[in-house]
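Structure file upload-v6.txt with compact mmCIF, C-alpha atoms:
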# COMPACT_ATOMS: atom_id res chain seq x y z
CA MET A 1 71.18 74.57 74.55
CA ALA A 2 68.86 71.70 75.52
CA LEU A 3 70.29 68.42 74.30
CA PRO A 4 67.72 65.66 73.76
CA PHE A 5 67.88 62.48 75.83
CA LEU A 6 69.63 60.24 73.32
CA PRO A 7 71.27 56.81 73.80
CA ALA A 8 75.06 56.61 73.94
CA ASP A 9 75.39 55.87 70.22
CA GLY A 10 73.26 58.89 69.35
CA ASP A 11 70.59 56.97 67.38
CA PRO A 12 67.21 57.25 69.11
CA VAL A 13 65.26 55.09 66.66
CA PRO A 14 66.13 51.46 67.62
CA PRO A 15 65.48 51.84 71.36
CA ALA A 16 62.35 53.89 70.66
CA LEU A 17 60.99 51.12 68.43
CA ARG A 18 61.73 48.52 71.08
CA GLY A 19 60.14 50.63 73.78
CA PHE A 20 57.08 51.31 71.66
CA ALA A 21 56.62 47.61 70.88
CA ARG A 22 57.03 46.64 74.52
CA ALA A 23 54.56 49.33 75.64
CA HIS A 24 51.95 48.09 73.15
CA ALA A 25 52.80 44.41 72.96
CA ASP A 26 49.12 43.49 72.81
CA LEU A 27 48.70 45.45 69.57
CA VAL A 28 51.99 45.40 67.66
CA GLU A 29 54.99 43.20 66.96
CA LEU A 30 58.48 44.53 66.16
CA VAL A 31 60.91 42.90 63.75
CA GLU A 32 64.29 44.59 64.22
CA LYS A 33 66.15 43.55 61.03
CA PRO A 34 65.10 45.12 58.75
CA ALA A 35 63.09 47.26 61.12
CA HIS A 36 59.33 47.09 60.68
CA LEU A 37 56.25 46.75 62.86
CA VAL A 38 53.19 44.58 62.29
CA ALA A 39 49.70 44.75 63.77
CA ARG A 40 48.73 41.67 65.77
CA ASP A 41 45.05 41.80 64.82
CA ARG A 42 42.96 42.58 61.76
CA ASP A 43 39.35 42.24 60.73
CA PRO A 44 38.82 38.83 59.07
CA ALA A 45 36.88 40.57 56.28
CA ARG A 46 40.01 42.48 55.22
CA ARG A 47 41.38 41.18 51.90
CA VAL A 48 44.08 43.83 51.35
CA GLY A 49 46.93 44.69 53.68
CA LEU A 50 47.54 48.39 54.42
CA VAL A 51 51.18 49.45 54.75
CA SER A 52 52.65 52.86 55.40
CA GLY A 53 55.86 54.31 56.74
CA GLY A 54 58.26 57.20 56.73
CA GLY A 55 60.85 58.97 58.80
CA SER A 56 60.93 58.85 62.57
CA GLY A 57 60.45 62.02 64.58
CA HIS A 58 56.76 62.26 63.62
CA GLU A 59 55.38 59.93 66.29
CA PRO A 60 52.68 58.72 66.63
CA LEU A 61 52.77 58.66 62.79
CA HIS A 62 52.93 55.93 61.52
CA ALA A 63 53.37 53.14 64.06
CA GLY A 64 50.83 54.67 66.43
CA PHE A 65 48.12 53.87 63.89
CA LEU A 66 48.90 50.17 63.65
CA GLY A 67 46.06 47.91 64.63
CA ARG A 68 42.61 46.62 63.86
CA GLY A 69 40.78 49.16 61.74
CA MET A 70 43.84 51.04 60.48
CA LEU A 71 47.30 49.92 59.32
CA ASP A 72 48.62 46.35 59.12
CA ALA A 73 52.34 47.11 58.95
CA VAL A 74 54.72 50.08 59.08
CA ALA A 75 58.28 50.70 57.92
CA PRO A 76 59.99 53.37 60.11
CA GLY A 77 63.01 55.26 58.76
CA LYS A 78 65.68 57.16 60.61
CA VAL A 79 64.79 60.64 61.87
CA PHE A 80 63.27 62.63 58.99
CA ALA A 81 64.48 59.99 56.50
CA SER A 82 62.68 57.49 54.29
CA PRO A 83 62.68 53.83 55.31
CA HIS A 84 64.87 51.56 53.19
CA ASN A 85 63.08 49.62 50.48
CA LEU A 86 63.97 46.34 52.25
CA GLN A 87 62.00 47.51 55.29
CA VAL A 88 59.00 48.30 53.10
CA LEU A 89 59.36 44.94 51.34
CA GLU A 90 59.37 42.90 54.55
CA ALA A 91 56.53 44.92 56.07
CA SER A 92 54.49 44.36 52.92
CA ARG A 93 55.20 40.63 52.85
CA ARG A 94 53.88 40.33 56.39
CA ALA A 95 50.83 42.51 55.75
CA ALA A 96 49.70 41.32 52.33
CA GLY A 97 46.20 39.90 52.18
CA PRO A 98 44.75 37.47 49.63
CA GLU A 99 44.25 40.40 47.23
CA GLY A 100 47.60 42.05 47.86
CA VAL A 101 48.84 45.17 49.59
CA LEU A 102 48.11 48.89 49.39
CA HIS A 103 50.93 51.35 50.16
CA VAL A 104 50.01 54.70 51.72
CA VAL A 105 52.89 57.01 50.77
CA LYS A 106 53.50 60.66 51.65
CA ASN A 107 54.67 62.74 48.70
CA TYR A 108 58.39 62.93 49.39
CA THR A 109 61.02 61.81 46.91
CA GLY A 110 62.70 59.27 49.18
CA ASP A 111 59.43 57.68 50.24
CA ARG A 112 58.23 57.43 46.65
CA ILE A 113 61.48 55.83 45.51
CA ASN A 114 61.77 53.27 48.30
CA PHE A 115 58.11 52.26 48.28
CA GLY A 116 58.34 52.03 44.50
CA ILE A 117 61.34 49.67 44.60
CA ALA A 118 59.60 47.49 47.18
CA ALA A 119 56.46 47.41 45.04
CA GLU A 120 58.39 46.20 42.00
CA ARG A 121 59.97 43.39 44.02
CA LEU A 122 56.60 42.38 45.41
CA ARG A 123 55.12 42.19 41.93
CA LEU A 124 57.97 39.92 40.84
CA GLU A 125 56.97 37.65 43.74
CA GLY A 126 53.38 37.61 42.54
CA VAL A 127 51.98 40.04 45.14
CA GLU A 128 49.60 42.67 43.76
CA VAL A 129 50.47 46.20 44.89
CA ARG A 130 48.89 49.62 44.49
CA ARG A 131 49.84 53.00 45.94
CA VAL A 132 47.90 55.92 47.42
CA LEU A 133 49.94 59.13 47.34
CA VAL A 134 49.09 61.70 50.04
CA ASP A 135 49.80 65.23 48.80
CA ASP A 136 47.85 67.70 50.91
CA ASP A 137 50.25 70.56 51.78
CA LEU A 138 49.08 73.83 50.21
CA ALA A 139 52.40 75.48 51.09
CA THR A 140 54.09 73.54 48.30
CA GLU A 141 51.35 73.88 45.70
CA SER A 142 53.29 75.87 43.14
CA ASP A 143 54.39 75.65 39.53
CA GLU A 144 57.91 76.17 40.86
CA THR A 145 57.70 73.01 43.00
CA ALA A 146 58.54 70.11 40.72
CA THR A 147 57.50 67.49 43.28
CA GLY A 148 54.05 68.96 43.94
CA ARG A 149 52.32 69.22 47.30
CA ARG A 150 54.03 67.47 50.21
CA GLY A 151 52.27 64.76 52.20
CA THR A 152 51.52 65.99 55.72
CA GLY A 153 48.67 65.94 58.25
CA ALA A 154 46.05 64.41 55.96
CA THR A 155 47.96 61.13 56.12
CA VAL A 156 46.14 60.23 59.35
CA VAL A 157 42.75 60.92 57.77
CA VAL A 158 43.59 58.83 54.70
CA GLU A 159 44.84 55.94 56.84
CA LYS A 160 41.69 55.95 59.00
CA LEU A 161 39.29 56.12 56.08
CA LEU A 162 41.19 53.42 54.20
CA GLY A 163 41.20 51.21 57.28
CA GLY A 164 37.45 51.46 57.60
CA ALA A 165 37.00 50.77 53.90
CA ALA A 166 39.39 47.79 53.93
CA ASP A 167 37.40 46.19 56.75
CA THR A 168 34.31 46.07 54.53
CA GLY A 169 36.13 43.60 52.31
CA LEU A 170 36.81 45.87 49.35
CA GLY A 171 39.37 44.73 46.79
CA LEU A 172 42.73 46.29 45.94
CA ASP A 173 41.67 48.40 42.98
CA GLU A 174 38.59 49.67 44.81
CA LEU A 175 40.68 50.70 47.82
CA ALA A 176 43.34 52.36 45.68
CA ALA A 177 40.67 54.40 43.89
CA LEU A 178 39.02 55.38 47.18
CA GLY A 179 42.37 56.30 48.73
CA ALA A 180 43.12 58.61 45.82
CA GLU A 181 39.75 60.28 46.38
CA PHE A 182 40.42 60.70 50.12
CA ALA A 183 43.80 62.32 49.41
CA ALA A 184 42.41 64.56 46.66
CA ALA A 185 39.73 65.85 49.05
CA SER A 186 42.31 66.93 51.68
CA ARG A 187 44.38 70.08 52.18
CA SER A 188 46.71 71.17 55.00
CA LEU A 189 48.77 74.15 56.14
CA ALA A 190 51.23 74.45 59.03
CA VAL A 191 52.81 77.34 60.93
CA ALA A 192 55.56 77.51 63.54
CA SER A 193 56.90 80.03 66.03
CA ARG A 194 59.98 77.95 66.91
CA ALA A 195 61.94 75.37 64.95
CA GLN A 196 62.46 71.82 66.12
CA THR A 197 65.50 71.15 68.31
CA SER A 198 68.51 69.76 66.45
CA LEU A 199 69.39 66.31 67.78
CA HIS A 200 73.06 67.19 67.28
CA THR A 201 73.37 70.69 68.74
CA GLY A 202 70.42 71.02 71.10
CA GLU A 203 69.61 74.37 69.46
CA PRO A 204 66.66 75.30 67.23
CA SER A 205 67.31 74.15 63.66
CA PHE A 206 66.59 77.64 62.37
CA ALA A 207 66.10 81.03 64.00
CA LEU A 208 63.01 83.19 64.05
CA ASP A 209 62.93 86.75 65.32
CA ALA A 210 60.58 87.69 68.12
CA GLY A 211 57.15 88.38 66.68
CA GLU A 212 57.91 86.36 63.54
CA LEU A 213 56.06 83.28 62.33
CA GLU A 214 57.09 80.67 59.79
CA TYR A 215 54.06 80.24 57.50
CA GLY A 216 53.97 76.96 55.58
CA VAL A 217 56.49 74.71 57.36
CA GLY A 218 56.94 71.03 56.51
CA ILE A 219 56.78 68.03 58.83
CA HIS A 220 60.53 67.39 58.45
CA GLY A 221 61.18 70.80 59.89
CA GLU A 222 61.58 72.42 56.48
CA ARG A 223 61.45 76.19 56.56
CA ALA A 224 58.52 77.84 54.88
CA GLN A 225 58.83 79.84 51.68
CA LYS A 226 58.02 82.92 53.75
CA SER A 227 58.08 84.27 57.27
CA ILE A 228 55.39 86.69 58.37
CA ASP A 229 54.82 89.12 61.19
CA ARG A 230 52.88 87.21 63.79
CA PRO A 231 49.20 88.22 63.80
CA SER A 232 46.73 87.54 66.57
CA THR A 233 45.76 83.88 66.90
CA GLU A 234 42.25 84.70 65.70
CA ALA A 235 43.58 86.46 62.61
CA LEU A 236 46.05 83.65 61.94
CA VAL A 237 43.37 80.94 62.04
CA SER A 238 41.14 83.04 59.80
CA ARG A 239 43.95 83.40 57.24
CA LEU A 240 44.67 79.67 57.31
CA LEU A 241 41.01 78.80 56.89
CA ASP A 242 40.63 81.23 53.98
CA GLU A 243 43.46 79.47 52.13
CA LEU A 244 42.38 75.95 53.06
CA VAL A 245 38.75 76.43 52.07
CA ALA A 246 39.79 78.07 48.80
CA GLY A 247 42.15 75.16 48.15
CA LEU A 248 39.60 72.42 48.72
CA PRO A 249 37.93 70.83 45.72
CA ALA A 250 34.20 71.46 45.32
CA GLY A 251 31.91 69.10 47.20
CA PRO A 252 29.63 68.66 50.19
CA SER A 253 29.60 71.20 53.00
CA GLU A 254 30.68 68.61 55.58
CA VAL A 255 34.37 68.26 56.43
CA ILE A 256 36.75 66.36 58.66
CA ALA A 257 38.94 68.85 60.54
CA VAL A 258 42.27 68.01 62.16
CA VAL A 259 44.06 70.40 64.52
CA ASN A 260 47.52 68.88 64.83
CA GLY A 261 50.35 69.92 67.12
CA LEU A 262 53.87 69.93 65.70
CA GLY A 263 55.44 68.62 68.91
CA GLY A 264 55.93 71.60 71.21
CA THR A 265 52.36 72.90 71.32
CA THR A 266 50.14 72.17 74.32
CA LEU A 267 46.65 70.69 74.29
CA LEU A 268 45.52 73.90 76.00
CA GLU A 269 46.50 75.76 72.83
CA LEU A 270 45.23 73.09 70.41
CA TYR A 271 41.74 72.98 71.91
CA GLY A 272 41.57 76.77 71.76
CA LEU A 273 42.54 76.58 68.10
CA HIS A 274 39.85 73.96 67.53
CA ASP A 275 37.25 76.32 68.95
CA LEU A 276 38.32 78.99 66.48
CA VAL A 277 38.34 76.49 63.61
CA LEU A 278 34.78 75.34 64.31
CA ASP A 279 33.49 78.90 64.42
CA GLY A 280 35.49 79.93 61.38
CA LEU A 281 34.28 77.04 59.26
CA ALA A 282 30.68 77.66 60.27
CA GLN A 283 31.06 81.27 59.11
CA ARG A 284 32.29 79.90 55.77
CA GLY A 285 29.30 77.59 55.37
CA LEU A 286 31.06 74.36 56.34
CA THR A 287 30.04 71.83 58.98
CA VAL A 288 32.62 69.81 60.91
CA SER A 289 31.10 66.35 61.09
CA ALA A 290 34.29 64.69 62.42
CA ALA A 291 37.37 66.10 64.10
CA LEU A 292 40.71 65.20 65.64
CA VAL A 293 42.60 67.42 68.07
CA GLY A 294 46.04 66.48 69.34
CA THR A 295 49.58 65.72 68.26
CA PHE A 296 49.42 63.20 65.42
CA VAL A 297 52.10 64.33 62.93
CA PRO A 298 54.75 66.40 64.73
CA ALA A 299 58.21 67.51 63.63
CA LEU A 300 60.07 66.46 66.79
CA ASP A 301 59.41 69.37 69.20
CA MET A 302 58.58 72.19 66.78
CA THR A 303 56.33 74.82 68.34
CA GLY A 304 53.47 75.18 65.91
CA PHE A 305 50.41 73.51 64.49
CA SER A 306 48.83 72.37 61.27
CA LEU A 307 45.23 72.44 60.12
CA THR A 308 43.83 69.79 57.79
CA LEU A 309 40.44 69.80 56.08
CA THR A 310 38.93 66.89 54.16
CA ARG A 311 35.66 67.26 52.27
CA LEU A 312 33.59 64.35 53.51
CA GLN A 313 31.44 62.53 50.98
CA PRO A 314 28.33 61.02 52.65
CA SER A 315 29.39 57.49 51.67
CA TRP A 316 32.71 57.92 53.55
CA SER A 317 31.20 58.58 56.98
CA ALA A 318 30.92 54.89 57.80
CA TYR A 319 34.61 54.41 57.07
CA TRP A 320 35.50 57.14 59.57
CA THR A 321 33.23 55.84 62.34
CA ALA A 322 34.21 52.19 61.81
CA PRO A 323 35.97 50.67 64.84
CA ALA A 324 39.72 51.20 65.13
CA VAL A 325 41.98 50.17 67.99
CA THR A 326 45.58 51.39 67.74
CA PRO A 327 48.18 52.68 70.22
CA ALA A 328 47.50 56.34 69.38
CA LEU A 329 43.91 56.41 68.17
CA THR A 330 40.77 54.51 69.13
CA LEU A 331 37.54 55.33 67.34
CA GLY A 332 34.17 53.63 67.33
CA ALA A 333 35.42 50.62 69.31
CA GLN A 334 32.93 48.41 71.07
CA SER A 335 33.44 48.27 74.84
As structure tokens, what does this structure read like?
Amino acid sequence: MALPFLPADGDPVPPALRGFARAHADLVELVEKPAHLVARDRDPARRVGLVSGGGSGHEPLHAGFLGRGMLDAVAPGKVFASPHNLQVLEASRRAAGPEGVLHVVKNYTGDRINFGIAAERLRLEGVEVRRVLVDDDLATESDETATGRRGTGATVVVEKLLGGAADTGLGLDELAALGAEFAAASRSLAVASRAQTSLHTGEPSFALDAGELEYGVGIHGERAQKSIDRPSTEALVSRLLDELVAGLPAGPSEVIAVVNGLGGTTLLELYGLHDLVLDGLAQRGLTVSAALVGTFVPALDMTGFSLTLTRLQPSWSAYWTAPAVTPALTLGAQS
């Protein structure tokens, strides 16, 4: 057993939010009731506020991507739980621009419901709202899955591209249409060799036998539909790339590639995986024109990783390289 370092009341979220806001006070502001965070700076050309959110336990998602060039406000839920619609409502009120607000929502039932309720209330107040649904997880692409693909690692890519696009002064409908294109061009898969630690017991949330790998895990620590015998790392990456490339829509040969740790995987491992991904994509006729390597969307301390590929249209490159300054990601910023 390895119990996490929790506060006396057992709820890690409120003190974590306060600590995060104090650590990055130059970039973000925390409102505690109802809990939401707001970026302190945005490009004056931005006419639409970008708002996202979701369960805690996935840090730096989403609050780590608050700031100029990315998100304007975030609603954080409890661990692995959707934020309440009142949190989304207040975050959206603060973030809304002269042309309204765009919600970036991962495809989970709770998130869809609570962002949807907040959107209806905003419309009653005269605020225009649109939604971009991120649904990139190939592991849940099945006729048997009524909810469709889950929203996972591509969320970071969608938020960065949308941030760059919003700073060009695009309107709400244009951004919503672009966001849908970004999400549709993205696919992800995740694997794990150890489950995340339960905050209540200090034990892994599910057991895997030695030499076994969970193939297709979710970011809330959901078990995959299948466990497999663990292959070599080279063979595993090759299998993942075969499925991801086959699952991508047709398009240009350039891609954005994200190698994302699930919380308990070291940078030593992630950079080695990135090396394999670059070689494997080149063998499949694809060029990685932009990449992220690190822990961006974990499931607490799960030992594993996810791979995300996004087909990059030539007109999107400027959105990716546009300046962004956030607590967890800085790209293209002027010194």
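In this comparison, which uses only C-alpha atoms, the residue of A:Arg131, A:Arg68, A:Lys33, A:His103 approaching A:Gly53 most closely is A:His103.
Considering all atoms listed in the file, the residue among A:Glu234, A:Glu212, A:Glu32, A:Asp41 positioned nearest to A:Gln87 is A:Glu32.
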**Selection near A:Leu236, 12 Å with only C-alpha atoms, sequence-local residues under 4 positions removed, as a list of chain:residue names** =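 Using only C-alpha atoms, the neighbours found are A:Leu189, A:Ala190, A:Val191, A:Ala192, A:Leu213, A:Glu214, A:Tyr215, A:Ile228, A:Asp229, A:Arg230, A:Pro231, A:Ser232, A:Leu240, A:Leu241, A:Asp242, A:Glu243, A:Leu273, A:Leu276, A:Val277, A:Gly280, A:Gly304, A:Phe305, A:Ser306, A:Leu307.
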**Prompt:** At what distance in Å, to one decimal, does atom CA of A:Val255 lie from atom CA of A:Arg223?
**Reply:** 28.2 Å
Contacts of A:Leu286 at 7 Å or less, counting all atoms listed in the file, minus same-chain residues fewer than 2 places along, as a CSV table (one decimal) with C-alpha atoms, keeping the file's coordinate frame?
chain,number,residue,atom,x,y,z
A,253,SER,CA,29.6,71.2,53.0
A,254,GLU,CA,30.7,68.6,55.6
A,255,VAL,CA,34.4,68.3,56.4
A,281,LEU,CA,34.3,77.0,59.3
A,282,ALA,CA,30.7,77.7,60.3
A,284,ARG,CA,32.3,79.9,55.8
A,288,VAL,CA,32.6,69.8,60.9
**Message:** Need the shell around A:Arg112: protein/DNA/RNA residues with any atom at most 10 Å away, counting all atoms listed in the file. Skip same-chain ones fewer than 6 positions apart. Format as an MDAnalysis selection string?
**Reply:** chainID A and resid 82 85 105:106 131 133
Output the selection as a PDB file, keeping the file's coordinate frame - C-alpha atoms for each residue.
ATOM      1  CA  SER A  82      62.680  57.490  54.290  1.00  0.00           C
ATOM      2  CA  ASN A  85      63.080  49.620  50.480  1.00  0.00           C
ATOM      3  CA  VAL A 105      52.890  57.010  50.770  1.00  0.00           C
ATOM      4  CA  LYS A 106      53.500  60.660  51.650  1.00  0.00           C
ATOM      5  CA  ARG A 131      49.840  53.000  45.940  1.00  0.00           C
ATOM      6  CA  LEU A 133      49.940  59.130  47.340  1.00  0.00           C
TER       7      LEU A 133
END
**Request:** Excluding A:Gly151 and residues on its chain fewer than 6 positions from it, collect all residues at most 7 Å away from it, counting only C-alpha atoms, and give them as a ChimeraX atom specification.
**Result:** /A:106-108,134-137
